[in-house]
$ cat query-v3.cif   # mmCIF, N, CA and C atoms
data_entry
#
loop_
_atom_site.group_PDB
_atom_site.id
_atom_site.type_symbol
_atom_site.label_atom_id
_atom_site.label_comp_id
_atom_site.auth_asym_id
_atom_site.auth_seq_id
_atom_site.Cartn_x
_atom_site.Cartn_y
_atom_site.Cartn_z
ATOM 1 N N MET A 1 0.827 -1.195 0.000
ATOM 2 C CA MET A 1 0.000 0.000 0.000
ATOM 3 C C MET A 1 0.869 1.255 0.000
ATOM 4 N N LYS A 2 1.904 1.227 0.801
ATOM 5 C CA LYS A 2 2.793 2.372 0.896
ATOM 6 C C LYS A 2 3.471 2.654 -0.445
ATOM 7 N N ILE A 3 3.831 1.597 -1.162
ATOM 8 C CA ILE A 3 4.453 1.770 -2.475
ATOM 9 C C ILE A 3 3.478 2.409 -3.440
ATOM 10 N N ALA A 4 2.253 1.937 -3.465
ATOM 11 C CA ALA A 4 1.248 2.473 -4.382
ATOM 12 C C ALA A 4 0.985 3.948 -4.124
ATOM 13 N N GLU A 5 0.910 4.329 -2.868
ATOM 14 C CA GLU A 5 0.697 5.738 -2.538
ATOM 15 C C GLU A 5 1.882 6.589 -2.972
ATOM 16 N N GLY A 6 3.086 6.091 -2.756
ATOM 17 C CA GLY A 6 4.284 6.818 -3.144
ATOM 18 C C GLY A 6 4.414 6.980 -4.646
ATOM 19 N N LEU A 7 3.955 5.978 -5.381
ATOM 20 C CA LEU A 7 4.035 6.048 -6.835
ATOM 21 C C LEU A 7 2.909 6.868 -7.454
ATOM 22 N N ASN A 8 2.013 7.379 -6.642
ATOM 23 C CA ASN A 8 0.950 8.253 -7.134
ATOM 24 C C ASN A 8 0.885 9.516 -6.273
ATOM 25 N N ILE A 9 2.033 9.983 -5.826
ATOM 26 C CA ILE A 9 2.100 11.115 -4.904
ATOM 27 C C ILE A 9 1.520 12.387 -5.514
ATOM 28 N N THR A 10 1.629 12.562 -6.823
ATOM 29 C CA THR A 10 1.109 13.765 -7.479
ATOM 30 C C THR A 10 -0.349 13.612 -7.911
ATOM 31 N N LYS A 11 -0.918 12.440 -7.717
ATOM 32 C CA LYS A 11 -2.310 12.137 -8.101
ATOM 33 C C LYS A 11 -2.546 12.292 -9.605
ATOM 34 N N ARG A 12 -1.473 12.058 -10.406
ATOM 35 C CA ARG A 12 -1.589 12.164 -11.861
ATOM 36 C C ARG A 12 -1.630 10.805 -12.540
ATOM 37 N N ASN A 13 -1.578 9.731 -11.773
ATOM 38 C CA ASN A 13 -1.625 8.368 -12.318
ATOM 39 C C ASN A 13 -0.597 8.149 -13.422
ATOM 40 N N LEU A 14 0.649 8.482 -13.139
ATOM 41 C CA LEU A 14 1.718 8.385 -14.133
ATOM 42 C C LEU A 14 2.201 6.970 -14.374
ATOM 43 N N VAL A 15 2.167 6.139 -13.367
ATOM 44 C CA VAL A 15 2.718 4.788 -13.486
ATOM 45 C C VAL A 15 1.765 3.915 -14.286
ATOM 46 N N LYS A 16 2.294 3.346 -15.356
ATOM 47 C CA LYS A 16 1.483 2.493 -16.227
ATOM 48 C C LYS A 16 1.779 1.017 -16.052
ATOM 49 N N ASP A 17 2.994 0.703 -15.583
ATOM 50 C CA ASP A 17 3.353 -0.707 -15.422
ATOM 51 C C ASP A 17 4.524 -0.818 -14.443
ATOM 52 N N ILE A 18 4.517 -1.880 -13.674
ATOM 53 C CA ILE A 18 5.624 -2.188 -12.770
ATOM 54 C C ILE A 18 5.994 -3.653 -12.984
ATOM 55 N N GLU A 19 7.265 -3.882 -13.249
ATOM 56 C CA GLU A 19 7.782 -5.243 -13.370
ATOM 57 C C GLU A 19 8.809 -5.441 -12.258
ATOM 58 N N ILE A 20 8.632 -6.485 -11.479
ATOM 59 C CA ILE A 20 9.570 -6.781 -10.406
ATOM 60 C C ILE A 20 10.343 -8.034 -10.783
ATOM 61 N N SER A 21 11.661 -7.904 -10.826
ATOM 62 C CA SER A 21 12.540 -9.031 -11.149
ATOM 63 C C SER A 21 13.313 -9.414 -9.894
ATOM 64 N N PRO A 22 12.834 -10.432 -9.194
ATOM 65 C CA PRO A 22 13.556 -10.850 -7.993
ATOM 66 C C PRO A 22 14.835 -11.590 -8.375
ATOM 67 N N GLN A 23 15.913 -11.214 -7.716
ATOM 68 C CA GLN A 23 17.186 -11.903 -7.874
ATOM 69 C C GLN A 23 17.587 -12.390 -6.497
ATOM 70 N N LYS A 24 18.800 -12.791 -6.297
ATOM 71 C CA LYS A 24 19.206 -13.434 -5.041
ATOM 72 C C LYS A 24 18.732 -12.665 -3.803
ATOM 73 N N ASP A 25 19.304 -11.530 -3.513
ATOM 74 C CA ASP A 25 18.901 -10.710 -2.373
ATOM 75 C C ASP A 25 18.464 -9.320 -2.815
ATOM 76 N N THR A 26 18.010 -9.223 -4.045
ATOM 77 C CA THR A 26 17.677 -7.929 -4.633
ATOM 78 C C THR A 26 16.411 -8.038 -5.469
ATOM 79 N N TRP A 27 15.620 -7.001 -5.411
ATOM 80 C CA TRP A 27 14.483 -6.855 -6.322
ATOM 81 C C TRP A 27 14.748 -5.661 -7.217
ATOM 82 N N VAL A 28 14.713 -5.865 -8.511
ATOM 83 C CA VAL A 28 14.814 -4.767 -9.460
ATOM 84 C C VAL A 28 13.386 -4.427 -9.887
ATOM 85 N N MET A 29 12.996 -3.186 -9.658
ATOM 86 C CA MET A 29 11.639 -2.736 -10.009
ATOM 87 C C MET A 29 11.723 -1.823 -11.224
ATOM 88 N N ASN A 30 11.233 -2.286 -12.366
ATOM 89 C CA ASN A 30 11.155 -1.470 -13.572
ATOM 90 C C ASN A 30 9.797 -0.788 -13.572
ATOM 91 N N ILE A 31 9.815 0.529 -13.447
ATOM 92 C CA ILE A 31 8.589 1.308 -13.293
ATOM 93 C C ILE A 31 8.426 2.191 -14.520
ATOM 94 N N LYS A 32 7.385 1.926 -15.304
ATOM 95 C CA LYS A 32 7.147 2.663 -16.545
ATOM 96 C C LYS A 32 6.113 3.757 -16.310
ATOM 97 N N CYS A 33 6.489 4.984 -16.668
ATOM 98 C CA CYS A 33 5.627 6.150 -16.456
ATOM 99 C C CYS A 33 5.377 6.840 -17.794
ATOM 100 N N ASN A 34 4.309 7.614 -17.862
ATOM 101 C CA ASN A 34 3.994 8.289 -19.111
ATOM 102 C C ASN A 34 4.238 9.795 -19.071
ATOM 103 N N ASP A 35 4.904 10.300 -18.043
ATOM 104 C CA ASP A 35 5.195 11.734 -17.932
ATOM 105 C C ASP A 35 6.335 11.922 -16.932
ATOM 106 N N ASP A 36 6.669 13.152 -16.636
ATOM 107 C CA ASP A 36 7.742 13.465 -15.688
ATOM 108 C C ASP A 36 7.472 12.786 -14.347
ATOM 109 N N PHE A 37 8.411 11.972 -13.891
ATOM 110 C CA PHE A 37 8.208 11.146 -12.703
ATOM 111 C C PHE A 37 9.109 11.530 -11.540
ATOM 112 N N LYS A 38 9.674 12.713 -11.531
ATOM 113 C CA LYS A 38 10.612 13.092 -10.462
ATOM 114 C C LYS A 38 10.008 13.011 -9.061
ATOM 115 N N PRO A 39 8.788 13.515 -8.826
ATOM 116 C CA PRO A 39 8.221 13.389 -7.463
ATOM 117 C C PRO A 39 8.001 11.933 -7.046
ATOM 118 N N GLU A 40 7.558 11.111 -7.985
ATOM 119 C CA GLU A 40 7.321 9.701 -7.683
ATOM 120 C C GLU A 40 8.639 8.988 -7.393
ATOM 121 N N LYS A 41 9.667 9.325 -8.152
ATOM 122 C CA LYS A 41 10.986 8.723 -7.942
ATOM 123 C C LYS A 41 11.531 9.113 -6.564
ATOM 124 N N TYR A 42 11.360 10.362 -6.207
ATOM 125 C CA TYR A 42 11.808 10.841 -4.900
ATOM 126 C C TYR A 42 11.104 10.074 -3.772
ATOM 127 N N GLN A 43 9.792 9.925 -3.877
ATOM 128 C CA GLN A 43 9.033 9.208 -2.842
ATOM 129 C C GLN A 43 9.446 7.744 -2.771
ATOM 130 N N MET A 44 9.674 7.132 -3.914
ATOM 131 C CA MET A 44 10.078 5.725 -3.937
ATOM 132 C C MET A 44 11.426 5.555 -3.248
ATOM 133 N N GLU A 45 12.347 6.461 -3.498
ATOM 134 C CA GLU A 45 13.656 6.394 -2.842
ATOM 135 C C GLU A 45 13.515 6.524 -1.325
ATOM 136 N N ARG A 46 12.586 7.340 -0.881
ATOM 137 C CA ARG A 46 12.362 7.501 0.557
ATOM 138 C C ARG A 46 11.721 6.269 1.170
ATOM 139 N N GLN A 47 10.814 5.632 0.448
ATOM 140 C CA GLN A 47 10.052 4.520 1.015
ATOM 141 C C GLN A 47 10.709 3.157 0.831
ATOM 142 N N LYS A 48 11.673 3.067 -0.060
ATOM 143 C CA LYS A 48 12.268 1.754 -0.304
ATOM 144 C C LYS A 48 12.980 1.203 0.931
ATOM 145 N N LYS A 49 13.446 2.074 1.808
ATOM 146 C CA LYS A 49 14.129 1.588 3.014
ATOM 147 C C LYS A 49 13.188 0.768 3.898
ATOM 148 N N TYR A 50 11.897 1.103 3.899
ATOM 149 C CA TYR A 50 10.928 0.331 4.677
ATOM 150 C C TYR A 50 10.746 -1.067 4.090
ATOM 151 N N ILE A 51 10.706 -1.138 2.783
ATOM 152 C CA ILE A 51 10.572 -2.433 2.102
ATOM 153 C C ILE A 51 11.810 -3.279 2.366
ATOM 154 N N GLU A 52 12.971 -2.645 2.231
ATOM 155 C CA GLU A 52 14.220 -3.368 2.441
ATOM 156 C C GLU A 52 14.326 -3.908 3.864
ATOM 157 N N LYS A 53 13.921 -3.117 4.810
ATOM 158 C CA LYS A 53 13.980 -3.548 6.214
ATOM 159 C C LYS A 53 12.981 -4.677 6.490
ATOM 160 N N LEU A 54 11.783 -4.541 5.971
ATOM 161 C CA LEU A 54 10.736 -5.530 6.192
ATOM 162 C C LEU A 54 11.068 -6.876 5.543
ATOM 163 N N LEU A 55 11.512 -6.840 4.290
ATOM 164 C CA LEU A 55 11.755 -8.069 3.538
ATOM 165 C C LEU A 55 13.207 -8.542 3.577
ATOM 166 N N LYS A 56 14.085 -7.726 4.161
ATOM 167 C CA LYS A 56 15.511 -8.045 4.246
ATOM 168 C C LYS A 56 16.126 -8.300 2.867
ATOM 169 N N ILE A 57 15.829 -7.387 1.948
ATOM 170 C CA ILE A 57 16.365 -7.436 0.589
ATOM 171 C C ILE A 57 16.767 -6.024 0.172
ATOM 172 N N SER A 58 17.477 -5.919 -0.935
ATOM 173 C CA SER A 58 17.753 -4.621 -1.548
ATOM 174 C C SER A 58 16.733 -4.384 -2.641
ATOM 175 N N VAL A 59 16.313 -3.140 -2.786
ATOM 176 C CA VAL A 59 15.361 -2.771 -3.831
ATOM 177 C C VAL A 59 16.034 -1.750 -4.735
ATOM 178 N N ILE A 60 15.990 -2.010 -6.036
ATOM 179 C CA ILE A 60 16.548 -1.091 -7.018
ATOM 180 C C ILE A 60 15.406 -0.617 -7.920
ATOM 181 N N PRO A 61 14.867 0.581 -7.664
ATOM 182 C CA PRO A 61 13.822 1.103 -8.537
ATOM 183 C C PRO A 61 14.446 1.757 -9.777
ATOM 184 N N GLN A 62 13.926 1.402 -10.942
ATOM 185 C CA GLN A 62 14.378 1.985 -12.200
ATOM 186 C C GLN A 62 13.155 2.552 -12.914
ATOM 187 N N PHE A 63 13.172 3.854 -13.128
ATOM 188 C CA PHE A 63 12.051 4.537 -13.767
ATOM 189 C C PHE A 63 12.336 4.765 -15.236
ATOM 190 N N TYR A 64 11.300 4.614 -16.071
ATOM 191 C CA TYR A 64 11.409 4.801 -17.512
ATOM 192 C C TYR A 64 10.211 5.583 -18.017
ATOM 193 N N LEU A 65 10.432 6.393 -19.046
ATOM 194 C CA LEU A 65 9.309 7.015 -19.744
ATOM 195 C C LEU A 65 8.745 5.992 -20.714
ATOM 196 N N TYR A 66 7.449 5.884 -20.752
ATOM 197 C CA TYR A 66 6.769 4.874 -21.564
ATOM 198 C C TYR A 66 6.116 5.558 -22.717
#
$ encode --input "query-v3.cif" --output "structure tokens"
Amino acid sequence: MKIAEGLNITKRNLVKDIEISPQKDTWVMNIKCNDDFKPEKYQMERQKKYIEKLLKISVIPQFYLY
């Protein structure tokens, strides 16, 4: 829930797709957006520490324009 809120912080519904590629101790999150995603990227960077602590993994968010 926290991730979803962070990825829609501007209420513009920019995120169109999220692909999570789990690897050994890391999750790579490919996040496809259709407009400027700087606020969403900032929020994701702030919130990823909670995910990492909870799941004991590293999270690498990668944002792309779609």
$ resolve_selection --input "query-v3.cif" --expression "the PyMOL selection byres ((chain A and resi 9-20) around 5)" --output "mmCIF file with N, CA and C atoms, in the frame of the given file"
data_model
loop_
_atom_site.group_PDB
_atom_site.id
_atom_site.type_symbol
_atom_site.label_atom_id
_atom_site.label_comp_id
_atom_site.auth_asym_id
_atom_site.auth_seq_id
_atom_site.Cartn_x
_atom_site.Cartn_y
_atom_site.Cartn_z
ATOM 1 N N GLU A 5 0.910 4.329 -2.868
ATOM 2 C CA GLU A 5 0.697 5.738 -2.538
ATOM 3 C C GLU A 5 1.882 6.589 -2.972
ATOM 4 N N GLY A 6 3.086 6.091 -2.756
ATOM 5 C CA GLY A 6 4.284 6.818 -3.144
ATOM 6 C C GLY A 6 4.414 6.980 -4.646
ATOM 7 N N LEU A 7 3.955 5.978 -5.381
ATOM 8 C CA LEU A 7 4.035 6.048 -6.835
ATOM 9 C C LEU A 7 2.909 6.868 -7.454
ATOM 10 N N ASN A 8 2.013 7.379 -6.642
ATOM 11 C CA ASN A 8 0.950 8.253 -7.134
ATOM 12 C C ASN A 8 0.885 9.516 -6.273
ATOM 13 N N SER A 21 11.661 -7.904 -10.826
ATOM 14 C CA SER A 21 12.540 -9.031 -11.149
ATOM 15 C C SER A 21 13.313 -9.414 -9.894
ATOM 16 N N PRO A 22 12.834 -10.432 -9.194
ATOM 17 C CA PRO A 22 13.556 -10.850 -7.993
ATOM 18 C C PRO A 22 14.835 -11.590 -8.375
ATOM 19 N N VAL A 28 14.713 -5.865 -8.511
ATOM 20 C CA VAL A 28 14.814 -4.767 -9.460
ATOM 21 C C VAL A 28 13.386 -4.427 -9.887
ATOM 22 N N MET A 29 12.996 -3.186 -9.658
ATOM 23 C CA MET A 29 11.639 -2.736 -10.009
ATOM 24 C C MET A 29 11.723 -1.823 -11.224
ATOM 25 N N ASN A 30 11.233 -2.286 -12.366
ATOM 26 C CA ASN A 30 11.155 -1.470 -13.572
ATOM 27 C C ASN A 30 9.797 -0.788 -13.572
ATOM 28 N N ILE A 31 9.815 0.529 -13.447
ATOM 29 C CA ILE A 31 8.589 1.308 -13.293
ATOM 30 C C ILE A 31 8.426 2.191 -14.520
ATOM 31 N N LYS A 32 7.385 1.926 -15.304
ATOM 32 C CA LYS A 32 7.147 2.663 -16.545
ATOM 33 C C LYS A 32 6.113 3.757 -16.310
ATOM 34 N N CYS A 33 6.489 4.984 -16.668
ATOM 35 C CA CYS A 33 5.627 6.150 -16.456
ATOM 36 C C CYS A 33 5.377 6.840 -17.794
ATOM 37 N N ASN A 34 4.309 7.614 -17.862
ATOM 38 C CA ASN A 34 3.994 8.289 -19.111
ATOM 39 C C ASN A 34 4.238 9.795 -19.071
#
$ select_by_dssp --input "query-v3.cif" --residues "chain A" --states "alpha helix (DSSP H)" --output "list of chain:residue names"
A:Lys2, A:Ile3, A:Ala4, A:Glu5, A:Gly6, A:Lys38, A:Pro39, A:Glu40, A:Lys41, A:Tyr42, A:Gln43, A:Met44, A:Glu45, A:Arg46, A:Gln47, A:Lys48, A:Lys49, A:Tyr50, A:Ile51, A:Glu52, A:Lys53, A:Leu54, A:Leu55
$ atom_distance --input "query-v3.cif" --atom1 "atom C of Lys56 (chain A)" --atom2 "atom C of Asp25 (chain A)"
6.2 Å
$ closest_residue --input "query-v3.cif" --among "A:Leu65, A:Gln23, A:Asp36, A:Ala4" --to "Lys48 (chain A)" --atoms "only C-alpha atoms"
A:Ala4
$ atom_distance --input "query-v3.cif" --atom1 "atom C of Ile57 (chain A)" --atom2 "atom N of Trp27 (chain A)"
5.8 Å
$ closest_residue --input "query-v3.cif" --among "A:Tyr64, A:Ile3, A:Lys24, A:Ser58" --to "Phe37 (chain A)" --atoms "all atoms listed in the file"
A:Tyr64
$ atom_distance --input "query-v3.cif" --atom1 "CA of Lys41 (chain A)" --atom2 "CA of Leu54 (chain A)"
20.1 Å
$ select_by_dssp --input "query-v3.cif" --residues "region 13-57 of chain A" --states "strand (DSSP E)" --output "list in words"
Val15, Lys16, Asp17, Ile18, Glu19, Ile20, Ser21, Pro22, Thr26, Trp27, Val28, Met29, Asn30, Ile31, Lys32 and Cys33 of chain A
$ axis_aligned_box --input "query-v3.cif" --around "region 46-57 of chain A" --padding-each-side "4 Å" --output "lines of an AutoDock Vina configuration file"
center_x = 13.4
center_y = -0.5
center_z = 2.8
size_x = 14.7
size_y = 24.0
size_z = 15.4
$ decode --input "query-v3.cif" --residues "region 38-52 of chain A" --atoms "all heavy atoms" --output "PDB file, in the first residue's frame"
ATOM      1  N   LYS A  38       9.674  12.713 -11.531  1.00  0.00           N
ATOM      2  CA  LYS A  38      10.612  13.092 -10.462  1.00  0.00           C
ATOM      3  C   LYS A  38      10.008  13.011  -9.061  1.00  0.00           C
ATOM      4  O   LYS A  38      10.646  12.476  -8.152  1.00  0.00           O
ATOM      5  CB  LYS A  38      11.174  14.481 -10.735  1.00  0.00           C
ATOM      6  CG  LYS A  38      12.144  14.493 -11.887  1.00  0.00           C
ATOM      7  CD  LYS A  38      12.635  15.880 -12.184  1.00  0.00           C
ATOM      8  CE  LYS A  38      13.444  15.855 -13.472  1.00  0.00           C
ATOM      9  NZ  LYS A  38      13.617  17.168 -14.034  1.00  0.00           N
ATOM     10  N   PRO A  39       8.788  13.515  -8.826  1.00  0.00           N
ATOM     11  CA  PRO A  39       8.221  13.389  -7.463  1.00  0.00           C
ATOM     12  C   PRO A  39       8.001  11.933  -7.046  1.00  0.00           C
ATOM     13  O   PRO A  39       8.257  11.558  -5.909  1.00  0.00           O
ATOM     14  CB  PRO A  39       6.889  14.133  -7.537  1.00  0.00           C
ATOM     15  CG  PRO A  39       7.022  15.050  -8.704  1.00  0.00           C
ATOM     16  CD  PRO A  39       7.920  14.346  -9.675  1.00  0.00           C
ATOM     17  N   GLU A  40       7.558  11.111  -7.985  1.00  0.00           N
ATOM     18  CA  GLU A  40       7.321   9.701  -7.683  1.00  0.00           C
ATOM     19  C   GLU A  40       8.639   8.988  -7.393  1.00  0.00           C
ATOM     20  O   GLU A  40       8.724   8.153  -6.490  1.00  0.00           O
ATOM     21  CB  GLU A  40       6.582   9.026  -8.834  1.00  0.00           C
ATOM     22  CG  GLU A  40       5.110   9.356  -8.903  1.00  0.00           C
ATOM     23  CD  GLU A  40       4.792  10.744  -9.465  1.00  0.00           C
ATOM     24  OE1 GLU A  40       5.690  11.418 -10.002  1.00  0.00           O
ATOM     25  OE2 GLU A  40       3.645  11.155  -9.355  1.00  0.00           O
ATOM     26  N   LYS A  41       9.667   9.325  -8.152  1.00  0.00           N
ATOM     27  CA  LYS A  41      10.986   8.723  -7.942  1.00  0.00           C
ATOM     28  C   LYS A  41      11.531   9.113  -6.564  1.00  0.00           C
ATOM     29  O   LYS A  41      12.069   8.274  -5.834  1.00  0.00           O
ATOM     30  CB  LYS A  41      11.944   9.162  -9.041  1.00  0.00           C
ATOM     31  CG  LYS A  41      13.290   8.506  -8.961  1.00  0.00           C
ATOM     32  CD  LYS A  41      14.155   8.876 -10.146  1.00  0.00           C
ATOM     33  CE  LYS A  41      15.488   8.160 -10.084  1.00  0.00           C
ATOM     34  NZ  LYS A  41      16.324   8.475 -11.251  1.00  0.00           N
ATOM     35  N   TYR A  42      11.360  10.362  -6.207  1.00  0.00           N
ATOM     36  CA  TYR A  42      11.808  10.841  -4.900  1.00  0.00           C
ATOM     37  C   TYR A  42      11.104  10.074  -3.772  1.00  0.00           C
ATOM     38  O   TYR A  42      11.741   9.611  -2.824  1.00  0.00           O
ATOM     39  CB  TYR A  42      11.546  12.344  -4.789  1.00  0.00           C
ATOM     40  CG  TYR A  42      11.864  12.906  -3.432  1.00  0.00           C
ATOM     41  CD1 TYR A  42      13.179  13.125  -3.038  1.00  0.00           C
ATOM     42  CD2 TYR A  42      10.846  13.216  -2.529  1.00  0.00           C
ATOM     43  CE1 TYR A  42      13.475  13.632  -1.780  1.00  0.00           C
ATOM     44  CE2 TYR A  42      11.133  13.728  -1.273  1.00  0.00           C
ATOM     45  CZ  TYR A  42      12.445  13.933  -0.910  1.00  0.00           C
ATOM     46  OH  TYR A  42      12.724  14.433   0.335  1.00  0.00           O
ATOM     47  N   GLN A  43       9.792   9.925  -3.877  1.00  0.00           N
ATOM     48  CA  GLN A  43       9.033   9.208  -2.842  1.00  0.00           C
ATOM     49  C   GLN A  43       9.446   7.744  -2.771  1.00  0.00           C
ATOM     50  O   GLN A  43       9.545   7.173  -1.687  1.00  0.00           O
ATOM     51  CB  GLN A  43       7.535   9.300  -3.117  1.00  0.00           C
ATOM     52  CG  GLN A  43       6.895  10.582  -2.655  1.00  0.00           C
ATOM     53  CD  GLN A  43       7.028  10.782  -1.166  1.00  0.00           C
ATOM     54  OE1 GLN A  43       7.713  11.687  -0.730  1.00  0.00           O
ATOM     55  NE2 GLN A  43       6.387   9.964  -0.376  1.00  0.00           N
ATOM     56  N   MET A  44       9.674   7.132  -3.914  1.00  0.00           N
ATOM     57  CA  MET A  44      10.078   5.725  -3.937  1.00  0.00           C
ATOM     58  C   MET A  44      11.426   5.555  -3.248  1.00  0.00           C
ATOM     59  O   MET A  44      11.619   4.603  -2.474  1.00  0.00           O
ATOM     60  CB  MET A  44      10.140   5.220  -5.377  1.00  0.00           C
ATOM     61  CG  MET A  44      10.501   3.776  -5.493  1.00  0.00           C
ATOM     62  SD  MET A  44       9.246   2.737  -4.707  1.00  0.00           S
ATOM     63  CE  MET A  44      10.065   1.181  -4.731  1.00  0.00           C
ATOM     64  N   GLU A  45      12.347   6.461  -3.498  1.00  0.00           N
ATOM     65  CA  GLU A  45      13.656   6.394  -2.842  1.00  0.00           C
ATOM     66  C   GLU A  45      13.515   6.524  -1.325  1.00  0.00           C
ATOM     67  O   GLU A  45      14.239   5.868  -0.572  1.00  0.00           O
ATOM     68  CB  GLU A  45      14.590   7.473  -3.386  1.00  0.00           C
ATOM     69  CG  GLU A  45      15.046   7.238  -4.803  1.00  0.00           C
ATOM     70  CD  GLU A  45      15.918   5.994  -4.960  1.00  0.00           C
ATOM     71  OE1 GLU A  45      16.610   5.601  -4.005  1.00  0.00           O
ATOM     72  OE2 GLU A  45      15.889   5.405  -6.046  1.00  0.00           O
ATOM     73  N   ARG A  46      12.586   7.340  -0.881  1.00  0.00           N
ATOM     74  CA  ARG A  46      12.362   7.501   0.557  1.00  0.00           C
ATOM     75  C   ARG A  46      11.721   6.269   1.170  1.00  0.00           C
ATOM     76  O   ARG A  46      12.011   5.897   2.309  1.00  0.00           O
ATOM     77  CB  ARG A  46      11.483   8.722   0.818  1.00  0.00           C
ATOM     78  CG  ARG A  46      12.186  10.039   0.545  1.00  0.00           C
ATOM     79  CD  ARG A  46      11.336  11.222   0.890  1.00  0.00           C
ATOM     80  NE  ARG A  46      11.042  11.214   2.328  1.00  0.00           N
ATOM     81  CZ  ARG A  46       9.945  11.725   2.861  1.00  0.00           C
ATOM     82  NH1 ARG A  46       9.044  12.291   2.093  1.00  0.00           N
ATOM     83  NH2 ARG A  46       9.745  11.682   4.155  1.00  0.00           N
ATOM     84  N   GLN A  47      10.814   5.632   0.448  1.00  0.00           N
ATOM     85  CA  GLN A  47      10.052   4.520   1.015  1.00  0.00           C
ATOM     86  C   GLN A  47      10.709   3.157   0.831  1.00  0.00           C
ATOM     87  O   GLN A  47      10.334   2.202   1.506  1.00  0.00           O
ATOM     88  CB  GLN A  47       8.652   4.506   0.424  1.00  0.00           C
ATOM     89  CG  GLN A  47       7.848   5.701   0.854  1.00  0.00           C
ATOM     90  CD  GLN A  47       6.453   5.695   0.291  1.00  0.00           C
ATOM     91  OE1 GLN A  47       6.071   4.792  -0.436  1.00  0.00           O
ATOM     92  NE2 GLN A  47       5.685   6.709   0.623  1.00  0.00           N
ATOM     93  N   LYS A  48      11.673   3.067  -0.060  1.00  0.00           N
ATOM     94  CA  LYS A  48      12.268   1.754  -0.304  1.00  0.00           C
ATOM     95  C   LYS A  48      12.980   1.203   0.931  1.00  0.00           C
ATOM     96  O   LYS A  48      13.059   0.000   1.108  1.00  0.00           O
ATOM     97  CB  LYS A  48      13.189   1.787  -1.518  1.00  0.00           C
ATOM     98  CG  LYS A  48      14.545   2.346  -1.288  1.00  0.00           C
ATOM     99  CD  LYS A  48      15.402   2.213  -2.528  1.00  0.00           C
ATOM    100  CE  LYS A  48      16.840   2.514  -2.191  1.00  0.00           C
ATOM    101  NZ  LYS A  48      17.710   2.193  -3.307  1.00  0.00           N
ATOM    102  N   LYS A  49      13.446   2.074   1.808  1.00  0.00           N
ATOM    103  CA  LYS A  49      14.129   1.588   3.014  1.00  0.00           C
ATOM    104  C   LYS A  49      13.188   0.768   3.898  1.00  0.00           C
ATOM    105  O   LYS A  49      13.616  -0.176   4.558  1.00  0.00           O
ATOM    106  CB  LYS A  49      14.748   2.741   3.794  1.00  0.00           C
ATOM    107  CG  LYS A  49      13.774   3.733   4.341  1.00  0.00           C
ATOM    108  CD  LYS A  49      14.484   4.878   5.022  1.00  0.00           C
ATOM    109  CE  LYS A  49      13.482   5.971   5.351  1.00  0.00           C
ATOM    110  NZ  LYS A  49      14.142   7.157   5.859  1.00  0.00           N
ATOM    111  N   TYR A  50      11.897   1.103   3.899  1.00  0.00           N
ATOM    112  CA  TYR A  50      10.928   0.331   4.677  1.00  0.00           C
ATOM    113  C   TYR A  50      10.746  -1.067   4.090  1.00  0.00           C
ATOM    114  O   TYR A  50      10.646  -2.051   4.816  1.00  0.00           O
ATOM    115  CB  TYR A  50       9.584   1.049   4.743  1.00  0.00           C
ATOM    116  CG  TYR A  50       9.671   2.396   5.406  1.00  0.00           C
ATOM    117  CD1 TYR A  50       9.487   3.566   4.674  1.00  0.00           C
ATOM    118  CD2 TYR A  50       9.955   2.516   6.762  1.00  0.00           C
ATOM    119  CE1 TYR A  50       9.573   4.810   5.280  1.00  0.00           C
ATOM    120  CE2 TYR A  50      10.048   3.751   7.368  1.00  0.00           C
ATOM    121  CZ  TYR A  50       9.856   4.892   6.622  1.00  0.00           C
ATOM    122  OH  TYR A  50       9.955   6.124   7.216  1.00  0.00           O
ATOM    123  N   ILE A  51      10.706  -1.138   2.783  1.00  0.00           N
ATOM    124  CA  ILE A  51      10.572  -2.433   2.102  1.00  0.00           C
ATOM    125  C   ILE A  51      11.810  -3.279   2.366  1.00  0.00           C
ATOM    126  O   ILE A  51      11.708  -4.457   2.680  1.00  0.00           O
ATOM    127  CB  ILE A  51      10.392  -2.231   0.586  1.00  0.00           C
ATOM    128  CG1 ILE A  51       9.156  -1.395   0.295  1.00  0.00           C
ATOM    129  CG2 ILE A  51      10.316  -3.569  -0.141  1.00  0.00           C
ATOM    130  CD1 ILE A  51       9.116  -0.856  -1.105  1.00  0.00           C
ATOM    131  N   GLU A  52      12.971  -2.645   2.231  1.00  0.00           N
ATOM    132  CA  GLU A  52      14.220  -3.368   2.441  1.00  0.00           C
ATOM    133  C   GLU A  52      14.326  -3.908   3.864  1.00  0.00           C
ATOM    134  O   GLU A  52      14.750  -5.042   4.069  1.00  0.00           O
ATOM    135  CB  GLU A  52      15.402  -2.449   2.118  1.00  0.00           C
ATOM    136  CG  GLU A  52      15.497  -2.107   0.649  1.00  0.00           C
ATOM    137  CD  GLU A  52      16.572  -1.108   0.318  1.00  0.00           C
ATOM    138  OE1 GLU A  52      16.925  -0.282   1.192  1.00  0.00           O
ATOM    139  OE2 GLU A  52      17.057  -1.144  -0.821  1.00  0.00           O
TER     140      GLU A  52
END
